[in-house]
$ cat entry-v7.cif   # mmCIF, C-alpha atoms
data_upload
loop_
_atom_site.label_atom_id
_atom_site.label_comp_id
_atom_site.auth_asym_id
_atom_site.auth_seq_id
_atom_site.Cartn_x
_atom_site.Cartn_y
_atom_site.Cartn_z
CA MET A 1 -48.46 36.49 11.89
CA GLN A 2 -46.08 33.86 10.47
CA THR A 3 -42.87 35.07 8.93
CA PRO A 4 -42.56 33.85 5.34
CA THR A 5 -39.68 31.49 4.70
CA THR A 6 -37.02 32.18 2.12
CA PRO A 7 -35.56 29.57 -0.24
CA TYR A 8 -32.46 29.55 2.00
CA GLU A 9 -34.27 28.41 5.13
CA HIS A 10 -34.16 24.64 4.88
CA LYS A 11 -32.69 21.81 6.92
CA ASN A 12 -30.70 18.85 5.76
CA VAL A 13 -32.20 15.39 6.24
CA THR A 14 -30.23 14.43 9.34
CA GLN A 15 -31.14 17.69 11.12
CA LEU A 16 -34.81 17.04 10.35
CA TYR A 17 -34.72 13.53 11.82
CA ILE A 18 -32.90 14.55 14.99
CA THR A 19 -35.15 17.48 15.83
CA ASP A 20 -38.30 15.38 15.39
CA PRO A 21 -38.87 13.01 18.39
CA ALA A 22 -41.19 10.82 16.34
CA THR A 23 -38.33 9.87 14.04
CA SER A 24 -35.50 9.49 16.59
CA ILE A 25 -35.06 5.78 15.77
CA VAL A 26 -34.82 6.60 12.08
CA ALA A 27 -32.24 9.29 12.94
CA GLN A 28 -30.07 6.81 14.82
CA ILE A 29 -30.21 4.33 11.93
CA VAL A 30 -29.34 7.03 9.38
CA VAL A 31 -26.41 8.27 11.48
CA LEU A 32 -25.07 4.72 12.03
CA ILE A 33 -25.25 4.01 8.30
CA ILE A 34 -23.46 7.29 7.57
CA MET A 35 -20.76 6.42 10.12
CA GLY A 36 -20.35 2.93 8.63
CA PHE A 37 -19.81 4.37 5.15
CA GLY A 38 -17.34 6.91 6.55
CA ILE A 39 -15.24 4.19 8.22
CA MET A 40 -15.34 2.05 5.06
CA ILE A 41 -14.20 4.96 2.87
CA LEU A 42 -11.37 5.83 5.26
CA LEU A 43 -10.08 2.24 5.47
CA GLU A 44 -10.27 1.54 1.73
CA ASN A 45 -8.58 4.74 0.64
CA PHE A 46 -6.02 4.55 3.45
CA LEU A 47 -4.95 1.14 2.10
CA VAL A 48 -4.68 2.54 -1.44
CA LEU A 49 -2.55 5.49 -0.28
CA VAL A 50 -0.27 3.29 1.88
CA ALA A 51 0.18 0.86 -1.04
CA ALA A 52 1.04 3.75 -3.38
CA ILE A 53 3.54 5.22 -0.88
CA ARG A 54 5.19 1.82 -0.27
CA ASN A 55 5.44 0.81 -3.94
CA LYS A 56 7.73 3.10 -5.95
CA LYS A 57 6.73 1.47 -9.26
CA LEU A 58 3.10 2.38 -8.64
CA ARG A 59 4.07 6.00 -7.94
CA ASP A 60 6.45 6.26 -10.88
CA ASN A 61 3.80 5.11 -13.35
CA ILE A 62 2.25 8.49 -14.16
CA HIS A 63 -1.11 7.06 -15.21
CA ASN A 64 -1.46 4.95 -12.04
CA ASN A 65 -0.23 7.86 -9.92
CA LEU A 66 -2.91 10.21 -11.28
CA VAL A 67 -5.64 7.64 -10.70
CA LEU A 68 -4.50 6.52 -7.23
CA PHE A 69 -4.19 10.06 -5.89
CA LEU A 70 -7.94 10.37 -6.30
CA SER A 71 -7.85 8.56 -2.96
CA VAL A 72 -6.71 11.80 -1.30
CA SER A 73 -10.05 13.50 -1.98
CA ASP A 74 -11.98 10.31 -1.14
CA PHE A 75 -10.07 9.97 2.15
CA LEU A 76 -10.98 13.56 3.05
CA LEU A 77 -14.58 12.74 2.17
CA GLY A 78 -14.45 9.84 4.65
CA ILE A 79 -13.28 12.25 7.38
CA ASN A 80 -16.09 14.61 6.37
CA ILE A 81 -18.73 11.89 6.71
CA LEU A 82 -17.42 10.73 10.09
CA LEU A 83 -17.40 14.28 11.46
CA TYR A 84 -20.95 14.73 10.20
CA ALA A 85 -22.09 11.62 12.10
CA ILE A 86 -20.23 12.53 15.30
CA LEU A 87 -21.84 15.99 15.34
CA TYR A 88 -25.25 14.40 15.85
CA ILE A 89 -24.23 11.48 18.08
CA ASP A 90 -22.36 13.42 20.77
CA LYS A 91 -24.94 15.44 22.70
CA ASN A 92 -22.23 17.06 24.86
CA ILE A 93 -20.75 19.13 22.02
CA SER A 94 -21.54 22.81 22.54
CA LYS A 95 -23.61 24.70 19.96
CA GLU A 96 -20.64 26.95 19.15
CA THR A 97 -18.35 23.97 18.53
CA LYS A 98 -21.03 22.30 16.41
CA ASN A 99 -21.33 25.41 14.24
CA ARG A 100 -17.56 25.61 13.75
CA VAL A 101 -17.25 21.93 12.85
CA CYS A 102 -20.29 22.24 10.59
CA ILE A 103 -18.64 25.12 8.69
CA ILE A 104 -15.46 23.05 8.26
CA ASN A 105 -17.57 20.10 7.15
CA ILE A 106 -19.45 21.99 4.45
CA CYS A 107 -16.21 23.52 3.12
CA LEU A 108 -14.58 20.08 3.14
CA TRP A 109 -17.58 18.55 1.34
CA CYS A 110 -17.52 21.16 -1.46
CA THR A 111 -13.72 20.94 -1.71
CA THR A 112 -13.55 17.14 -1.97
CA ILE A 113 -16.21 17.04 -4.69
CA GLN A 114 -14.39 19.64 -6.75
CA MET A 115 -11.01 17.96 -6.14
CA SER A 116 -12.44 14.70 -7.48
CA LEU A 117 -13.85 16.45 -10.55
CA LEU A 118 -10.54 18.20 -11.21
CA GLN A 119 -8.43 15.05 -10.77
CA THR A 120 -10.71 12.72 -12.72
CA PHE A 121 -12.50 14.86 -15.24
CA PHE A 122 -9.67 17.16 -16.19
CA ILE A 123 -6.18 16.01 -15.13
CA ILE A 124 -6.56 12.29 -15.97
CA SER A 125 -8.28 12.86 -19.32
CA LEU A 126 -5.71 15.54 -20.23
CA ASN A 127 -2.89 13.15 -19.34
CA ARG A 128 -4.31 10.38 -21.53
CA TYR A 129 -4.54 12.74 -24.48
CA LEU A 130 -0.99 14.05 -24.00
CA VAL A 131 0.44 10.52 -23.62
CA ILE A 132 -1.32 9.03 -26.65
CA SER A 133 -0.59 12.04 -28.85
CA GLU A 134 3.03 12.05 -27.55
CA ARG A 135 3.08 15.76 -26.70
CA LYS A 136 6.12 17.26 -24.98
CA LEU A 137 3.80 18.97 -22.49
CA ASN A 138 3.13 15.55 -20.95
CA LYS A 139 6.68 15.22 -19.59
CA MET A 140 6.79 18.89 -18.64
CA LEU A 141 3.72 18.48 -16.42
CA TRP A 142 4.04 15.00 -14.95
CA ASN A 143 7.70 13.87 -14.91
CA GLY A 144 9.38 13.38 -11.53
CA ASN A 145 7.93 15.46 -8.71
CA ARG A 146 6.24 17.92 -11.06
CA LYS A 147 2.98 15.97 -10.89
CA TYR A 148 2.84 16.59 -7.12
CA VAL A 149 3.33 20.31 -7.73
CA VAL A 150 0.37 20.18 -10.16
CA TYR A 151 -1.73 18.38 -7.53
CA ILE A 152 -0.87 20.82 -4.74
CA VAL A 153 -1.35 23.98 -6.84
CA SER A 154 -4.69 22.66 -8.15
CA TRP A 155 -5.95 21.67 -4.70
CA VAL A 156 -4.84 24.95 -3.11
CA GLY A 157 -6.63 26.84 -5.90
CA ILE A 158 -9.88 24.96 -5.14
CA ILE A 159 -9.55 25.60 -1.39
CA VAL A 160 -9.03 29.33 -2.02
CA ILE A 161 -12.15 29.49 -4.22
CA ILE A 162 -14.27 27.57 -1.69
CA THR A 163 -13.15 29.59 1.35
CA SER A 164 -12.69 33.09 -0.09
CA LEU A 165 -16.44 33.72 -0.40
CA LEU A 166 -17.37 32.54 3.11
CA SER A 167 -19.71 34.96 4.86
CA PRO A 168 -21.42 32.99 7.69
CA THR A 169 -24.69 34.29 9.12
CA LYS A 170 -26.22 33.47 12.53
CA GLU A 171 -28.74 31.10 10.98
CA ARG A 172 -28.47 27.32 11.05
CA CYS A 173 -25.32 25.93 9.49
CA HIS A 174 -26.06 25.01 5.89
CA LEU A 175 -24.68 26.02 2.51
CA THR A 176 -26.75 29.16 1.99
CA SER A 177 -26.20 30.60 5.48
CA LEU A 178 -22.49 29.72 5.29
CA TYR A 179 -21.97 31.93 2.23
CA GLY A 180 -24.65 34.44 3.25
CA ALA A 181 -24.65 37.50 1.02
CA ASN A 182 -22.01 35.86 -1.24
CA PHE A 183 -24.14 32.79 -2.00
CA HIS A 184 -25.39 34.38 -5.25
CA ILE A 185 -21.71 34.57 -6.32
CA PHE A 186 -20.63 31.18 -4.97
CA GLN A 187 -23.47 29.19 -6.54
CA PRO A 188 -22.91 30.14 -10.22
CA LEU A 189 -19.11 30.14 -9.75
CA TYR A 190 -19.09 26.61 -8.29
CA PHE A 191 -21.48 25.41 -11.00
CA SER A 192 -19.41 27.07 -13.77
CA ILE A 193 -16.11 25.56 -12.60
CA ASN A 194 -17.66 22.08 -12.43
CA SER A 195 -19.15 22.58 -15.90
CA ILE A 196 -15.76 23.63 -17.30
CA PHE A 197 -14.14 20.51 -15.81
CA LEU A 198 -16.82 18.36 -17.44
CA LEU A 199 -16.56 20.10 -20.82
CA MET A 200 -12.75 19.83 -20.89
CA THR A 201 -12.98 16.15 -19.94
CA ILE A 202 -15.30 15.39 -22.84
CA ILE A 203 -13.02 17.28 -25.23
CA PHE A 204 -9.77 15.61 -24.09
CA TYR A 205 -11.38 12.17 -23.80
CA ILE A 206 -12.70 12.36 -27.39
CA LEU A 207 -9.31 13.64 -28.62
CA ALA A 208 -7.58 10.73 -26.83
CA LEU A 209 -9.90 8.19 -28.48
CA LYS A 210 -9.35 9.83 -31.86
CA CYS A 211 -5.57 9.63 -31.37
CA VAL A 212 -5.80 5.94 -30.45
CA LEU A 213 -7.67 5.16 -33.68
CA GLN A 214 -5.37 7.26 -35.89
CA LYS A 215 -2.14 6.11 -34.29
CA TYR A 216 -2.78 2.38 -34.40
CA ARG A 217 -4.14 2.58 -37.91
CA LYS A 218 -0.93 4.39 -38.84
CA ILE A 219 1.58 2.09 -37.11
CA SER A 220 -0.28 -1.19 -37.70
CA PRO A 221 2.10 -3.74 -39.29
CA SER A 222 1.87 -4.06 -43.05
CA ALA A 223 0.27 -7.16 -44.58
CA SER A 224 2.96 -7.47 -47.29
CA VAL A 225 6.05 -9.07 -45.73
CA THR A 226 9.23 -10.18 -47.54
CA ILE A 227 11.71 -12.84 -46.36
CA GLN A 228 14.32 -10.17 -45.59
CA ASN A 229 12.18 -8.22 -43.17
CA ILE A 230 10.27 -11.05 -41.39
CA SER A 231 12.31 -10.77 -38.16
CA SER A 232 12.10 -6.98 -38.23
CA ASN A 233 8.33 -7.06 -38.68
CA ASN A 234 7.95 -9.66 -35.91
CA GLY A 235 9.76 -7.32 -33.50
CA GLN A 236 7.63 -4.37 -34.60
CA ASP A 237 4.47 -6.44 -34.27
CA GLN A 238 5.34 -7.45 -30.69
CA MET A 239 6.04 -3.83 -29.75
CA TYR A 240 2.83 -2.74 -31.43
CA GLN A 241 0.74 -5.35 -29.60
CA LEU A 242 2.36 -4.53 -26.24
CA LYS A 243 1.81 -0.80 -26.65
CA ARG A 244 -1.73 -1.36 -27.90
CA ARG A 245 -2.63 -3.52 -24.89
CA ARG A 246 -1.14 -0.96 -22.50
CA ILE A 247 -3.03 1.96 -24.04
CA ILE A 248 -6.35 0.08 -24.22
CA LYS A 249 -5.97 -1.09 -20.61
CA SER A 250 -5.34 2.48 -19.42
CA MET A 251 -8.29 3.81 -21.43
CA LYS A 252 -10.58 1.16 -19.91
CA LEU A 253 -9.56 2.25 -16.41
CA VAL A 254 -10.01 5.94 -17.26
CA SER A 255 -13.41 5.25 -18.85
CA THR A 256 -14.58 3.33 -15.78
CA VAL A 257 -13.38 5.97 -13.30
CA ILE A 258 -14.81 8.89 -15.31
CA GLY A 259 -18.12 7.09 -15.95
CA THR A 260 -18.55 6.16 -12.28
CA LEU A 261 -17.76 9.69 -11.09
CA PHE A 262 -20.08 11.22 -13.69
CA PHE A 263 -23.12 9.11 -12.75
CA LEU A 264 -22.61 9.00 -8.96
CA SER A 265 -20.98 12.33 -8.07
CA GLY A 266 -21.96 14.40 -11.10
CA PRO A 267 -25.54 15.10 -9.93
CA MET A 268 -24.30 16.47 -6.57
CA ALA A 269 -21.70 18.64 -8.32
CA PHE A 270 -24.36 20.28 -10.50
CA LEU A 271 -27.49 20.18 -8.31
CA GLY A 272 -26.09 20.24 -4.77
CA THR A 273 -25.90 24.05 -4.58
CA ILE A 274 -29.58 24.58 -5.42
CA ALA A 275 -31.03 26.09 -2.24
CA SER A 276 -34.60 24.96 -2.87
CA PHE A 277 -33.65 21.34 -3.62
CA SER A 278 -35.73 18.85 -1.60
CA GLN A 279 -34.39 17.11 1.50
CA ILE A 280 -34.82 13.64 0.02
CA GLY A 281 -33.13 14.88 -3.15
CA ASN A 282 -30.11 16.11 -1.17
CA LEU A 283 -29.93 12.77 0.64
CA LEU A 284 -29.90 10.87 -2.67
CA LEU A 285 -27.24 13.18 -4.13
CA SER A 286 -25.05 12.74 -1.04
CA PHE A 287 -25.57 8.98 -1.15
CA GLY A 288 -24.29 8.90 -4.75
CA VAL A 289 -21.07 10.72 -3.78
CA THR A 290 -20.59 8.36 -0.81
CA ILE A 291 -21.04 5.22 -2.93
CA ASN A 292 -18.60 6.66 -5.47
CA ALA A 293 -15.90 6.96 -2.77
CA VAL A 294 -16.60 3.36 -1.66
CA VAL A 295 -16.47 1.95 -5.20
CA ASN A 296 -13.33 3.76 -6.43
CA PRO A 297 -10.74 1.59 -4.56
CA VAL A 298 -12.50 -1.53 -5.88
CA ILE A 299 -12.13 -0.18 -9.43
CA TYR A 300 -8.42 0.53 -8.86
CA CYS A 301 -7.75 -3.00 -7.55
CA THR A 302 -9.73 -4.55 -10.42
CA HIS A 303 -7.72 -2.73 -13.11
CA ILE A 304 -4.29 -2.27 -11.48
CA GLU A 305 -2.81 -5.70 -10.66
CA GLU A 306 0.24 -4.27 -8.91
CA LEU A 307 -1.94 -2.30 -6.50
CA LYS A 308 -3.96 -5.40 -5.66
CA ASN A 309 -0.77 -7.37 -4.98
CA GLU A 310 0.64 -4.57 -2.80
CA ILE A 311 -2.53 -4.46 -0.67
CA LYS A 312 -2.40 -8.26 -0.32
CA ALA A 313 1.21 -7.92 0.84
CA LEU A 314 0.10 -5.40 3.49
CA PHE A 315 -2.36 -7.92 4.93
CA GLN A 316 0.28 -10.66 4.82
CA MET A 317 2.63 -8.45 6.85
CA THR A 318 -0.14 -7.92 9.41
CA ASP A 319 -0.78 -11.69 9.63
CA ARG A 320 2.92 -12.40 10.26
CA ARG A 321 2.97 -9.99 13.18
#

$ encode --input "entry-v7.cif" --output "structure tokens"
Amino acid sequence: MQTPTTPYEHKNVTQLYITDPATSIVAQIVVLIIMGFGIMILLENFLVLVAAIRNKKLRDNIHNNLVLFLSVSDFLLGINILLYAILYIDKNISKETKNRVCIINICLWCTTIQMSLLQTFFIISLNRYLVISERKLNKMLWNGNRKYVVYIVSWVGIIVIITSLLSPTKERCHLTSLYGANFHIFQPLYFSINSIFLLMTIIFYILALKCVLQKYRKISPSASVTIQNISSNNGQDQMYQLKRRRIIKSMKLVSTVIGTLFFLSGPMAFLGTIASFSQIGNLLLSFGVTINAVVNPVIYCTHIEELKNEIKALFQMTDRR
């Protein structure tokens, strides 16, 4: 008599390919592609982080700092993907070691996704609102080294949530067996936190846009100008145009980063914990997150000229050597 399967008993796509001899060639191709993406993500985000560390102006610009430190979670994702590929390439790894690395990998995967959501959806959109509305809380949170304290506290909080409910079973290593009896707690908690991040992002992003419209309508130079105040108005107009360009440029970058994360990583954040989700579905969700990590550094370089110049300088230093 065949034992009925539960919704928790499912394999991921790579496990399915490797255990089926008829699809061994497909498995090798899939693993090589995964490894290629992992290397690409590591290199791209490593360059972004090195450029940010080398260039003090990039770090001191709070907006750029918040955006660029998204590369921390993307870099960890690159490590995660490489480990995933190595697990199935190296046949000499013991089953016990594979299980341990697999547990670390799943925790790292969940952590990096939630770190990205926190940094992009919540922290960056909150910062834009506080800057444009000129709230004192902005300087209290982000000035000097305080922003790094916010990063660390936030990241540690996510790691605690992800790891505190671990209850591994002796089944295959996948999300449901990793959390075991606590999966019914982890799943709605993870989903709720991601939903809160998304909701707060929408709220702060709309508030930031509203502030932009109100503020520039309010400080826009008057059409009636007298001879006595021409020079004064010219100075005000230049300041207005400079500030306007800076704000609009930052909002374009934020909109691009948030939009990309929402469409590529959002589905995994909200559907990835569903135990009965199909294998092809999980592959597509994972692919979206991976592409997101590949595309992010390109977005940064497209919108932040100083970052692009710093990365060019890094390659020039290498050429000289």

$ closest_residue --input "entry-v7.cif" --among "A:Asn99, A:Asn194, A:Asn143, A:Ser71" --to "Tyr84 of chain A" --atoms "all atoms listed in the file"
A:Asn99

$ residues_around --input "entry-v7.cif" --residues "Ile106 of chain A" --least-positions-apart "2" --cutoff "12 Å" --atoms "all atoms listed in the file" --output "JSON, numbers by chain"
{"A": [12, 77, 79, 80, 81, 83, 84, 99, 100, 101, 102, 103, 104, 108, 109, 110, 111, 112, 113, 162, 163, 166, 168, 173, 174, 175, 176, 177, 178, 179, 272, 273]}

$ write_last_selection --input "entry-v7.cif" --atoms "C-alpha atoms" --output "PDB file, in the frame of the given file"
ATOM      1  CA  ASN A  12     -30.700  18.850   5.760  1.00  0.00           C
ATOM      2  CA  LEU A  77     -14.580  12.740   2.170  1.00  0.00           C
ATOM      3  CA  ILE A  79     -13.280  12.250   7.380  1.00  0.00           C
ATOM      4  CA  ASN A  80     -16.090  14.610   6.370  1.00  0.00           C
ATOM      5  CA  ILE A  81     -18.730  11.890   6.710  1.00  0.00           C
ATOM      6  CA  LEU A  83     -17.400  14.280  11.460  1.00  0.00           C
ATOM      7  CA  TYR A  84     -20.950  14.730  10.200  1.00  0.00           C
ATOM      8  CA  ASN A  99     -21.330  25.410  14.240  1.00  0.00           C
ATOM      9  CA  ARG A 100     -17.560  25.610  13.750  1.00  0.00           C
ATOM     10  CA  VAL A 101     -17.250  21.930  12.850  1.00  0.00           C
ATOM     11  CA  CYS A 102     -20.290  22.240  10.590  1.00  0.00           C
ATOM     12  CA  ILE A 103     -18.640  25.120   8.690  1.00  0.00           C
ATOM     13  CA  ILE A 104     -15.460  23.050   8.260  1.00  0.00           C
ATOM     14  CA  LEU A 108     -14.580  20.080   3.140  1.00  0.00           C
ATOM     15  CA  TRP A 109     -17.580  18.550   1.340  1.00  0.00           C
ATOM     16  CA  CYS A 110     -17.520  21.160  -1.460  1.00  0.00           C
ATOM     17  CA  THR A 111     -13.720  20.940  -1.710  1.00  0.00           C
ATOM     18  CA  THR A 112     -13.550  17.140  -1.970  1.00  0.00           C
ATOM     19  CA  ILE A 113     -16.210  17.040  -4.690  1.00  0.00           C
ATOM     20  CA  ILE A 162     -14.270  27.570  -1.690  1.00  0.00           C
ATOM     21  CA  THR A 163     -13.150  29.590   1.350  1.00  0.00           C
ATOM     22  CA  LEU A 166     -17.370  32.540   3.110  1.00  0.00           C
ATOM     23  CA  PRO A 168     -21.420  32.990   7.690  1.00  0.00           C
ATOM     24  CA  CYS A 173     -25.320  25.930   9.490  1.00  0.00           C
ATOM     25  CA  HIS A 174     -26.060  25.010   5.890  1.00  0.00           C
ATOM     26  CA  LEU A 175     -24.680  26.020   2.510  1.00  0.00           C
ATOM     27  CA  THR A 176     -26.750  29.160   1.990  1.00  0.00           C
ATOM     28  CA  SER A 177     -26.200  30.600   5.480  1.00  0.00           C
ATOM     29  CA  LEU A 178     -22.490  29.720   5.290  1.00  0.00           C
ATOM     30  CA  TYR A 179     -21.970  31.930   2.230  1.00  0.00           C
ATOM     31  CA  GLY A 272     -26.090  20.240  -4.770  1.00  0.00           C
ATOM     32  CA  THR A 273     -25.900  24.050  -4.580  1.00  0.00           C
TER      33      THR A 273
END

$ residues_around --input "entry-v7.cif" --residues "Lys139 of chain A" --least-positions-apart "6" --cutoff "10 Å" --atoms "only C-alpha atoms" --output "short mmCIF file (atom, residue, chain, number, x, y, z; two decimals) with C-alpha atoms, in the coordinates of the input"
data_model
loop_
_atom_site.label_atom_id
_atom_site.label_comp_id
_atom_site.auth_asym_id
_atom_site.auth_seq_id
_atom_site.Cartn_x
_atom_site.Cartn_y
_atom_site.Cartn_z
CA ILE A 62 2.25 8.49 -14.16
CA ASN A 127 -2.89 13.15 -19.34
CA LEU A 130 -0.99 14.05 -24.00
CA VAL A 131 0.44 10.52 -23.62
CA ARG A 146 6.24 17.92 -11.06
CA LYS A 147 2.98 15.97 -10.89
#

$ atom_distance --input "entry-v7.cif" --atom1 "atom CA of Asn309 of chain A" --atom2 "atom CA of Arg54 of chain A"
11.9 Å

$ resolve_selection --input "entry-v7.cif" --expression "the PyMOL selection byres ((chain A and resi 59) around 12)" --output "CSV table (one decimal) with C-alpha atoms, in the frame of the given file"
chain,number,residue,atom,x,y,z
A,48,VAL,CA,-4.7,2.5,-1.4
A,49,LEU,CA,-2.6,5.5,-0.3
A,50,VAL,CA,-0.3,3.3,1.9
A,51,ALA,CA,0.2,0.9,-1.0
A,52,ALA,CA,1.0,3.8,-3.4
A,53,ILE,CA,3.5,5.2,-0.9
A,54,ARG,CA,5.2,1.8,-0.3
A,55,ASN,CA,5.4,0.8,-3.9
A,56,LYS,CA,7.7,3.1,-6.0
A,57,LYS,CA,6.7,1.5,-9.3
A,58,LEU,CA,3.1,2.4,-8.6
A,60,ASP,CA,6.4,6.3,-10.9
A,61,ASN,CA,3.8,5.1,-13.4
A,62,ILE,CA,2.2,8.5,-14.2
A,63,HIS,CA,-1.1,7.1,-15.2
A,64,ASN,CA,-1.5,5.0,-12.0
A,65,ASN,CA,-0.2,7.9,-9.9
A,66,LEU,CA,-2.9,10.2,-11.3
A,67,VAL,CA,-5.6,7.6,-10.7
A,68,LEU,CA,-4.5,6.5,-7.2
A,69,PHE,CA,-4.2,10.1,-5.9
A,142,TRP,CA,4.0,15.0,-15.0
A,143,ASN,CA,7.7,13.9,-14.9
A,144,GLY,CA,9.4,13.4,-11.5
A,145,ASN,CA,7.9,15.5,-8.7
A,147,LYS,CA,3.0,16.0,-10.9
A,148,TYR,CA,2.8,16.6,-7.1
A,306,GLU,CA,0.2,-4.3,-8.9
A,307,LEU,CA,-1.9,-2.3,-6.5

$ resolve_selection --input "entry-v7.cif" --expression "the PyMOL selection byres ((chain A and resi 206-211) around 8)" --output "number ranges by chain"
A: 125, 128-130, 132-133, 202-205, 212-215

$ closest_atom_pairs --input "entry-v7.cif" --of "segment 43-96 of chain A" --to "segment 285-303 of chain A" --cutoff "7 Å" --atoms "only C-alpha atoms" --output "CSV"
residue,atom,partner,partner_atom,distance
A:Glu44,CA,A:Pro297,CA,6.3
A:Asn45,CA,A:Pro297,CA,6.5
A:Val48,CA,A:Pro297,CA,6.9
A:Asp74,CA,A:Ala293,CA,5.4

$ resolve_selection --input "entry-v7.cif" --expression "the PyMOL selection byres ((chain A and resi 253) around 9)" --output "CSV table (one decimal) with C-alpha atoms, in the frame of the given file"
chain,number,residue,atom,x,y,z
A,67,VAL,CA,-5.6,7.6,-10.7
A,248,ILE,CA,-6.4,0.1,-24.2
A,249,LYS,CA,-6.0,-1.1,-20.6
A,250,SER,CA,-5.3,2.5,-19.4
A,251,MET,CA,-8.3,3.8,-21.4
A,252,LYS,CA,-10.6,1.2,-19.9
A,254,VAL,CA,-10.0,5.9,-17.3
A,255,SER,CA,-13.4,5.2,-18.8
A,256,THR,CA,-14.6,3.3,-15.8
A,257,VAL,CA,-13.4,6.0,-13.3
A,258,ILE,CA,-14.8,8.9,-15.3
A,299,ILE,CA,-12.1,-0.2,-9.4
A,300,TYR,CA,-8.4,0.5,-8.9
A,303,HIS,CA,-7.7,-2.7,-13.1
A,304,ILE,CA,-4.3,-2.3,-11.5

$ closest_residue --input "entry-v7.cif" --among "A:Leu47, A:Leu141, A:Leu189, A:Met40" --to "Lys308 of chain A" --atoms "all atoms listed in the file"
A:Leu47

$ atom_distance --input "entry-v7.cif" --atom1 "atom CA of Trp155 of chain A" --atom2 "atom CA of His184 of chain A"
23.2 Å

$ build_atoms --input "entry-v7.cif" --residues "segment 141-154 of chain A" --atoms "N, CA and C atoms" --output "mmCIF file, keeping the file's coordinate frame"
data_model
loop_
_atom_site.group_PDB
_atom_site.id
_atom_site.type_symbol
_atom_site.label_atom_id
_atom_site.label_comp_id
_atom_site.auth_asym_id
_atom_site.auth_seq_id
_atom_site.Cartn_x
_atom_site.Cartn_y
_atom_site.Cartn_z
ATOM 1 N N LEU A 141 4.687 18.400 -17.522
ATOM 2 C CA LEU A 141 3.720 18.480 -16.420
ATOM 3 C C LEU A 141 3.889 17.377 -15.384
ATOM 4 N N TRP A 142 4.183 16.141 -15.847
ATOM 5 C CA TRP A 142 4.040 15.000 -14.950
ATOM 6 C C TRP A 142 5.349 14.332 -14.541
ATOM 7 N N ASN A 143 6.455 14.579 -15.235
ATOM 8 C CA ASN A 143 7.700 13.870 -14.910
ATOM 9 C C ASN A 143 8.199 14.202 -13.514
ATOM 10 N N GLY A 144 8.776 13.177 -12.851
ATOM 11 C CA GLY A 144 9.380 13.380 -11.530
ATOM 12 C C GLY A 144 8.370 13.901 -10.513
ATOM 13 N N ASN A 145 8.787 14.895 -9.758
ATOM 14 C CA ASN A 145 7.930 15.460 -8.710
ATOM 15 C C ASN A 145 7.007 16.566 -9.215
ATOM 16 N N ARG A 146 7.078 16.843 -10.518
ATOM 17 C CA ARG A 146 6.240 17.920 -11.060
ATOM 18 C C ARG A 146 4.753 17.628 -10.906
ATOM 19 N N LYS A 147 4.402 16.328 -11.012
ATOM 20 C CA LYS A 147 2.980 15.970 -10.890
ATOM 21 C C LYS A 147 2.445 16.348 -9.507
ATOM 22 N N TYR A 148 3.284 16.230 -8.473
ATOM 23 C CA TYR A 148 2.840 16.590 -7.120
ATOM 24 C C TYR A 148 2.658 18.105 -6.988
ATOM 25 N N VAL A 149 3.490 18.849 -7.708
ATOM 26 C CA VAL A 149 3.330 20.310 -7.730
ATOM 27 C C VAL A 149 1.992 20.664 -8.379
ATOM 28 N N VAL A 150 1.651 19.956 -9.480
ATOM 29 C CA VAL A 150 0.370 20.180 -10.160
ATOM 30 C C VAL A 150 -0.787 19.871 -9.216
ATOM 31 N N TYR A 151 -0.683 18.741 -8.488
ATOM 32 C CA TYR A 151 -1.730 18.380 -7.530
ATOM 33 C C TYR A 151 -1.921 19.489 -6.497
ATOM 34 N N ILE A 152 -0.812 19.874 -5.862
ATOM 35 C CA ILE A 152 -0.870 20.820 -4.740
ATOM 36 C C ILE A 152 -1.416 22.179 -5.195
ATOM 37 N N VAL A 153 -0.887 22.677 -6.326
ATOM 38 C CA VAL A 153 -1.350 23.980 -6.840
ATOM 39 C C VAL A 153 -2.840 23.919 -7.172
ATOM 40 N N SER A 154 -3.273 22.818 -7.783
ATOM 41 C CA SER A 154 -4.690 22.660 -8.150
ATOM 42 C C SER A 154 -5.566 22.618 -6.904
#
